[in-house]
$ cat my_file.cif   # mmCIF, C-alpha atoms
data_coords
#
loop_
_atom_site.group_PDB
_atom_site.id
_atom_site.type_symbol
_atom_site.label_atom_id
_atom_site.label_comp_id
_atom_site.auth_asym_id
_atom_site.auth_seq_id
_atom_site.Cartn_x
_atom_site.Cartn_y
_atom_site.Cartn_z
ATOM 1 C CA MET A 27 8.565 -12.840 7.404
ATOM 2 C CA SER A 28 9.502 -11.984 10.970
ATOM 3 C CA ILE A 29 8.725 -8.452 12.078
ATOM 4 C CA THR A 30 11.516 -8.763 14.631
ATOM 5 C CA LEU A 31 13.904 -7.995 11.760
ATOM 6 C CA VAL A 32 12.779 -4.366 11.985
ATOM 7 C CA PRO A 33 14.820 -2.326 14.495
ATOM 8 C CA PHE A 34 12.586 -1.204 17.356
ATOM 9 C CA ASP A 35 14.732 1.588 18.736
ATOM 10 C CA SER A 36 14.100 4.288 16.108
ATOM 11 C CA PRO A 37 10.977 6.207 15.057
ATOM 12 C CA ILE A 38 9.446 5.344 11.693
ATOM 13 C CA GLU A 39 9.272 8.595 9.745
ATOM 14 C CA CYS A 40 7.026 7.148 7.048
ATOM 15 C CA MET A 41 5.230 3.826 6.607
ATOM 16 C CA THR A 42 3.926 3.056 3.112
ATOM 17 C CA ILE A 43 1.346 0.289 3.195
ATOM 18 C CA ASP A 44 -0.568 -1.937 0.825
ATOM 19 C CA THR A 45 -2.873 -4.900 1.321
ATOM 20 C CA GLU A 46 -4.296 -7.624 -0.854
ATOM 21 C CA THR A 47 -7.658 -8.885 0.330
ATOM 22 C CA THR A 48 -10.398 -11.405 -0.387
ATOM 23 C CA GLY A 49 -12.735 -8.618 -1.516
ATOM 24 C CA LEU A 50 -13.692 -5.005 -1.048
ATOM 25 C CA ASP A 51 -15.584 -4.838 2.241
ATOM 26 C CA PRO A 52 -14.363 -6.075 5.644
ATOM 27 C CA PHE A 53 -17.868 -5.574 7.044
ATOM 28 C CA ASP A 54 -19.129 -8.064 4.462
ATOM 29 C CA GLY A 55 -16.689 -10.703 5.695
ATOM 30 C CA ASP A 56 -13.704 -9.929 3.484
ATOM 31 C CA GLU A 57 -10.252 -10.370 5.028
ATOM 32 C CA ILE A 58 -6.605 -9.485 4.504
ATOM 33 C CA LEU A 59 -4.432 -11.926 2.553
ATOM 34 C CA THR A 60 -1.178 -9.973 2.505
ATOM 35 C CA LEU A 61 0.112 -6.825 4.168
ATOM 36 C CA ALA A 62 3.208 -4.951 3.005
ATOM 37 C CA MET A 63 4.850 -2.129 4.932
ATOM 38 C CA VAL A 64 7.793 -0.150 3.551
ATOM 39 C CA LEU A 65 9.398 1.664 6.467
ATOM 40 C CA ASP A 66 11.512 4.790 6.248
ATOM 41 C CA ILE A 67 13.249 4.662 9.615
ATOM 42 C CA GLU A 68 14.963 7.643 11.184
ATOM 43 C CA HIS A 69 18.732 7.787 10.580
ATOM 44 C CA ARG A 70 18.628 5.002 7.976
ATOM 45 C CA GLU A 71 19.330 5.737 4.318
ATOM 46 C CA SER A 72 17.444 2.760 2.878
ATOM 47 C CA PRO A 73 13.939 1.641 3.797
ATOM 48 C CA SER A 74 13.115 -1.637 5.514
ATOM 49 C CA SER A 75 10.178 -3.737 4.404
ATOM 50 C CA VAL A 76 7.775 -6.217 5.929
ATOM 51 C CA HIS A 77 5.616 -8.510 3.799
ATOM 52 C CA LEU A 78 3.144 -10.623 5.740
ATOM 53 C CA ARG A 79 1.128 -13.398 4.159
ATOM 54 C CA VAL A 80 -1.784 -14.550 6.280
ATOM 55 C CA LYS A 81 -4.599 -17.085 6.238
ATOM 56 C CA PRO A 82 -8.177 -15.768 6.425
ATOM 57 C CA GLN A 83 -10.073 -17.040 9.444
ATOM 58 C CA HIS A 84 -13.494 -17.169 7.810
ATOM 59 C CA LYS A 85 -13.298 -16.837 4.026
ATOM 60 C CA THR A 86 -12.542 -20.079 2.198
ATOM 61 C CA GLU A 87 -12.647 -18.827 -1.384
ATOM 62 C CA TRP A 88 -12.468 -15.496 -3.200
ATOM 63 C CA PRO A 89 -12.623 -16.134 -6.972
ATOM 64 C CA ALA A 90 -13.095 -12.503 -8.055
ATOM 65 C CA ALA A 91 -10.180 -11.233 -5.971
ATOM 66 C CA GLU A 92 -8.041 -14.218 -6.946
ATOM 67 C CA ARG A 93 -8.321 -13.264 -10.595
ATOM 68 C CA VAL A 94 -6.701 -9.925 -9.715
ATOM 69 C CA ASN A 95 -4.140 -10.748 -7.016
ATOM 70 C CA HIS A 96 -3.486 -14.392 -7.992
ATOM 71 C CA ILE A 97 -3.619 -15.494 -4.349
ATOM 72 C CA SER A 98 -5.436 -18.821 -4.129
ATOM 73 C CA PRO A 99 -6.894 -20.501 -1.040
ATOM 74 C CA ASP A 100 -4.365 -23.326 -1.415
ATOM 75 C CA SER A 101 -1.463 -20.864 -1.389
ATOM 76 C CA VAL A 102 -2.341 -19.490 2.070
ATOM 77 C CA VAL A 103 -3.517 -22.660 3.801
ATOM 78 C CA ASN A 104 -0.304 -23.025 5.826
ATOM 79 C CA TYR A 105 0.005 -19.377 6.888
ATOM 80 C CA LYS A 106 -0.857 -17.991 10.303
ATOM 81 C CA PRO A 107 -3.920 -15.783 10.798
ATOM 82 C CA PHE A 108 -3.479 -12.025 11.043
ATOM 83 C CA LYS A 109 -4.127 -12.091 14.787
ATOM 84 C CA SER A 110 -0.805 -13.898 15.229
ATOM 85 C CA TYR A 111 0.956 -10.715 14.063
ATOM 86 C CA LEU A 112 -1.419 -8.184 15.623
ATOM 87 C CA GLU A 113 0.844 -7.102 18.500
ATOM 88 C CA ALA A 114 3.935 -6.798 16.323
ATOM 89 C CA VAL A 115 2.139 -4.859 13.592
ATOM 90 C CA GLN A 116 0.576 -2.558 16.181
ATOM 91 C CA SER A 117 4.011 -1.804 17.615
ATOM 92 C CA LEU A 118 5.123 -0.544 14.198
ATOM 93 C CA PHE A 119 2.076 1.672 13.789
ATOM 94 C CA ASP A 120 2.547 3.049 17.297
ATOM 95 C CA ARG A 121 5.933 4.546 16.409
ATOM 96 C CA THR A 122 5.030 5.752 12.919
ATOM 97 C CA GLU A 123 4.834 9.472 12.207
ATOM 98 C CA LYS A 124 3.255 9.263 8.730
ATOM 99 C CA ILE A 125 1.192 6.544 7.013
ATOM 100 C CA VAL A 126 0.994 6.577 3.209
ATOM 101 C CA GLY A 127 -1.055 4.402 0.883
ATOM 102 C CA TRP A 128 -2.732 4.388 -2.529
ATOM 103 C CA ASN A 129 -6.402 4.855 -1.648
ATOM 104 C CA VAL A 130 -5.130 4.496 1.899
ATOM 105 C CA GLY A 131 -8.558 4.473 3.501
ATOM 106 C CA PHE A 132 -9.203 1.061 1.951
ATOM 107 C CA ASP A 133 -6.139 -0.492 3.592
ATOM 108 C CA LEU A 134 -6.686 1.231 6.935
ATOM 109 C CA GLY A 135 -10.296 0.063 6.987
ATOM 110 C CA PHE A 136 -9.213 -3.565 6.730
ATOM 111 C CA LEU A 137 -6.438 -3.103 9.295
ATOM 112 C CA GLU A 138 -8.779 -1.479 11.793
ATOM 113 C CA HIS A 139 -11.254 -4.311 11.260
ATOM 114 C CA GLU A 140 -8.449 -6.738 12.163
ATOM 115 C CA GLY A 141 -7.857 -4.837 15.409
ATOM 116 C CA ILE A 142 -5.123 -2.358 14.513
ATOM 117 C CA VAL A 143 -5.512 1.012 16.219
ATOM 118 C CA ILE A 144 -4.299 3.856 14.025
ATOM 119 C CA PRO A 145 -2.474 6.413 16.204
ATOM 120 C CA GLN A 146 -4.207 9.783 16.303
ATOM 121 C CA THR A 147 -0.793 11.443 16.131
ATOM 122 C CA ALA A 148 0.068 9.847 12.770
ATOM 123 C CA GLU A 149 -0.345 11.889 9.602
ATOM 124 C CA ILE A 150 -2.422 9.968 7.041
ATOM 125 C CA VAL A 151 -1.610 10.619 3.369
ATOM 126 C CA ASP A 152 -3.463 9.262 0.346
ATOM 127 C CA ALA A 153 -0.796 9.071 -2.354
ATOM 128 C CA MET A 154 -3.494 8.636 -5.009
ATOM 129 C CA GLU A 155 -5.043 11.979 -4.092
ATOM 130 C CA GLU A 156 -1.633 13.667 -3.965
ATOM 131 C CA PHE A 157 -0.750 12.324 -7.416
ATOM 132 C CA GLY A 158 -4.054 13.640 -8.777
ATOM 133 C CA ARG A 159 -3.386 17.095 -7.362
ATOM 134 C CA VAL A 160 -0.068 17.276 -9.209
ATOM 135 C CA HIS A 161 -1.064 15.670 -12.510
ATOM 136 C CA GLY A 162 -4.780 16.338 -12.650
ATOM 137 C CA PRO A 163 -7.583 13.784 -13.049
ATOM 138 C CA PHE A 164 -6.947 10.576 -14.934
ATOM 139 C CA SER A 165 -9.548 11.450 -17.567
ATOM 140 C CA GLU A 166 -12.765 13.387 -17.975
ATOM 141 C CA SER A 167 -14.790 10.382 -16.839
ATOM 142 C CA HIS A 168 -12.371 8.963 -14.233
ATOM 143 C CA THR A 169 -10.888 11.408 -11.757
ATOM 144 C CA ARG A 170 -8.866 8.845 -9.812
ATOM 145 C CA TRP A 171 -5.635 7.286 -11.004
ATOM 146 C CA ARG A 172 -5.091 3.564 -10.687
ATOM 147 C CA LEU A 173 -1.688 2.747 -9.273
ATOM 148 C CA THR A 174 -0.699 0.871 -12.438
ATOM 149 C CA SER A 175 -1.732 3.799 -14.643
ATOM 150 C CA ALA A 176 0.137 6.328 -12.504
ATOM 151 C CA ALA A 177 3.253 4.159 -12.513
ATOM 152 C CA ASP A 178 3.018 3.773 -16.275
ATOM 153 C CA ALA A 179 2.570 7.531 -16.701
ATOM 154 C CA MET A 180 5.778 8.131 -14.763
ATOM 155 C CA GLY A 181 7.730 5.356 -16.516
ATOM 156 C CA TYR A 182 8.055 3.385 -13.277
ATOM 157 C CA CYS A 183 8.688 -0.358 -13.528
ATOM 158 C CA PHE A 184 7.247 -2.425 -10.694
ATOM 159 C CA GLU A 185 9.677 -4.369 -8.512
ATOM 160 C CA GLY A 186 7.589 -7.493 -8.922
ATOM 161 C CA ALA A 187 4.116 -7.949 -10.343
ATOM 162 C CA PRO A 188 1.371 -5.338 -9.880
ATOM 163 C CA HIS A 189 -1.191 -6.405 -7.252
ATOM 164 C CA ASP A 190 1.561 -7.951 -5.177
ATOM 165 C CA ALA A 191 1.322 -6.028 -1.896
ATOM 166 C CA LEU A 192 5.053 -5.333 -1.568
ATOM 167 C CA ALA A 193 5.440 -4.351 -5.222
ATOM 168 C CA ASP A 194 2.465 -1.997 -4.886
ATOM 169 C CA ALA A 195 3.787 -0.484 -1.646
ATOM 170 C CA LEU A 196 7.181 0.171 -3.241
ATOM 171 C CA ALA A 197 5.500 1.788 -6.255
ATOM 172 C CA THR A 198 3.315 3.909 -3.999
ATOM 173 C CA ARG A 199 6.372 5.081 -2.063
ATOM 174 C CA ARG A 200 8.169 6.062 -5.277
ATOM 175 C CA LEU A 201 5.192 7.956 -6.673
ATOM 176 C CA TYR A 202 4.547 9.726 -3.385
ATOM 177 C CA ARG A 203 8.165 10.831 -3.134
ATOM 178 C CA HIS A 204 7.877 12.195 -6.677
ATOM 179 C CA THR A 205 4.719 14.183 -5.957
ATOM 180 C CA THR A 206 6.213 15.489 -2.708
ATOM 181 C CA ALA A 207 9.278 16.724 -4.590
ATOM 182 C CA VAL A 208 7.040 18.469 -7.129
ATOM 183 C CA THR A 209 4.915 20.051 -4.404
ATOM 184 C CA GLU A 210 8.009 21.313 -2.595
ATOM 185 C CA GLY A 211 9.397 22.784 -5.824
ATOM 186 C CA GLN A 212 12.325 20.389 -6.043
ATOM 187 C CA LYS A 213 11.087 18.831 -9.268
ATOM 188 C CA GLN A 214 8.840 19.760 -12.182
ATOM 189 C CA PRO A 215 5.870 17.534 -13.055
ATOM 190 C CA GLY A 216 7.473 16.983 -16.461
ATOM 191 C CA THR A 217 6.132 16.895 -19.987
ATOM 192 C CA HIS A 218 7.098 13.220 -20.345
ATOM 193 C CA VAL A 219 4.076 12.072 -18.352
ATOM 194 C CA LYS A 220 1.847 9.883 -20.523
ATOM 195 C CA ARG A 221 -1.612 11.367 -20.529
ATOM 196 C CA PRO A 222 -4.732 9.196 -20.310
ATOM 197 C CA GLY A 223 -5.747 7.597 -23.571
ATOM 198 C CA VAL A 224 -2.185 7.064 -24.774
ATOM 199 C CA HIS A 225 -1.764 3.828 -22.886
ATOM 200 C CA ARG A 226 -4.329 2.802 -20.333
ATOM 201 C CA HIS A 227 -4.471 -0.124 -17.964
ATOM 202 C CA SER A 228 -7.715 -1.901 -17.283
#

$ encode --input "my_file.cif" --output "structure tokens"
Amino acid sequence: MSITLVPFDSPIECMTIDTETTGLDPFDGDEILTLAMVLDIEHRESPSSVHLRVKPQHKTEWPAAERVNHISPDSVVNYKPFKSYLEAVQSLFDRTEKIVGWNVGFDLGFLEHEGIVIPQTAEIVDAMEEFGRVHGPFSESHTRWRLTSAADAMGYCFEGAPHDALADALATRRLYRHTTAVTEGQKQPGTHVKRPGVHRHS
């Protein structure tokens, strides 16, 4: 997808991001496979989205990650490397006021490893932590909520399959907007939230 589709003349009030990767550690050679950015742009009612699919420059296989995100080496062989989009992606970050993600440090770590400079002026928000503050820990043994479990608890249906970067970014945006409304007193947490143990995702 071309990033030039995003208007460059307005500030981005909030960028919700998600990545799918070849593994868990960029310092161990893992790389980005897809990057999704949902952009709430000033003076626009509906968000814009960017979904980049890229080819790793070093990794040639990632069987464990593939079982989760269903992105195979053959499916990315004809894509450009992330460096081809580096300047355009950086330009979006440079005009972003707030960056939101589910376990956002994970995504930012990979992006920084690819050369993205996170603006010091941008507010960084971990939507997973915010959700936990509103609804409490997932369980006695697991304090953190998985995105799929949080979405299920709120009755949210993914726009696409979970572990697709754009579907996950859209879900993160929805859940963050919910927790923000609760925090600001515009909405109650609700008794309809499914508590852990009723229906859990692996």

$ closest_atom_pairs --input "my_file.cif" --of "stretch 78-157 of chain A" --to "stretch 195-201 of chain A" --cutoff "10 Å" --atoms "only C-alpha atoms" --output "Markdown table"
| residue | atom | partner | partner_atom | distance |
| --- | --- | --- | --- | --- |
| A:Val126 | CA | A:Arg199 | CA | 7.7 |
| A:Gly127 | CA | A:Thr198 | CA | 6.6 |
| A:Trp128 | CA | A:Thr198 | CA | 6.2 |
| A:Asp152 | CA | A:Thr198 | CA | 9.7 |
| A:Ala153 | CA | A:Thr198 | CA | 6.8 |
| A:Met154 | CA | A:Thr198 | CA | 8.4 |
| A:Glu156 | CA | A:Leu201 | CA | 9.3 |
| A:Phe157 | CA | A:Leu201 | CA | 7.4 |

$ resolve_selection --input "my_file.cif" --expression "the PyMOL selection byres ((chain A and resi 191) around 6)" --output "PDB file with C-alpha atoms, in the coordinates of the input"
ATOM      1  CA  ASP A  44      -0.568  -1.937   0.825  1.00  0.00           C
ATOM      2  CA  THR A  45      -2.873  -4.900   1.321  1.00  0.00           C
ATOM      3  CA  GLU A  46      -4.296  -7.624  -0.854  1.00  0.00           C
ATOM      4  CA  ALA A  62       3.208  -4.951   3.005  1.00  0.00           C
ATOM      5  CA  HIS A 189      -1.191  -6.405  -7.252  1.00  0.00           C
ATOM      6  CA  ASP A 190       1.561  -7.951  -5.177  1.00  0.00           C
ATOM      7  CA  LEU A 192       5.053  -5.333  -1.568  1.00  0.00           C
ATOM      8  CA  ALA A 193       5.440  -4.351  -5.222  1.00  0.00           C
ATOM      9  CA  ASP A 194       2.465  -1.997  -4.886  1.00  0.00           C
TER      10      ASP A 194
END

$ resolve_selection --input "my_file.cif" --expression "the PyMOL selection byres ((chain A and resi 37) around 10)" --output "list in words"
Pro33, Phe34, Asp35, Ser36, Ile38, Glu39, Cys40, Leu65, Asp66, Ile67, Glu68, His69, Leu118, Asp120, Arg121, Thr122 and Glu123 of chain A

$ closest_residue --input "my_file.cif" --among "A:Val130, A:Ala90, A:Val160, A:Leu137" --to "A:Leu112" --atoms "only C-alpha atoms"
A:Leu137

$ resolve_selection --input "my_file.cif" --expression "the PyMOL selection byres ((chain A and resi 101-104) around 9)" --output "PyMOL selection string"
chain A and resi 59+79-82+97-100+105-106

$ atom_distance --input "my_file.cif" --atom1 "atom CA of A:Asp133" --atom2 "atom CA of A:Tyr182"
22.4 Å

$ closest_residue --input "my_file.cif" --among "A:Glu92, A:Glu210, A:Glu87, A:Asp56" --to "A:Phe132" --atoms "all atoms listed in the file"
A:Asp56

$ atom_distance --input "my_file.cif" --atom1 "atom CA of A:His161" --atom2 "atom CA of A:Leu173"
13.3 Å

$ axis_aligned_box --input "my_file.cif" --around "stretch 138-144 of chain A" --padding-each-side "5 Å" --output "AutoDock Vina command-line options"
--center_x -7.8 --center_y -1.4 --center_z 13.7 --size_x 17.0 --size_y 20.6 --size_z 15.0

$ atom_distance --input "my_file.cif" --atom1 "atom CA of A:Phe164" --atom2 "atom CA of A:Ala176"
8.6 Å
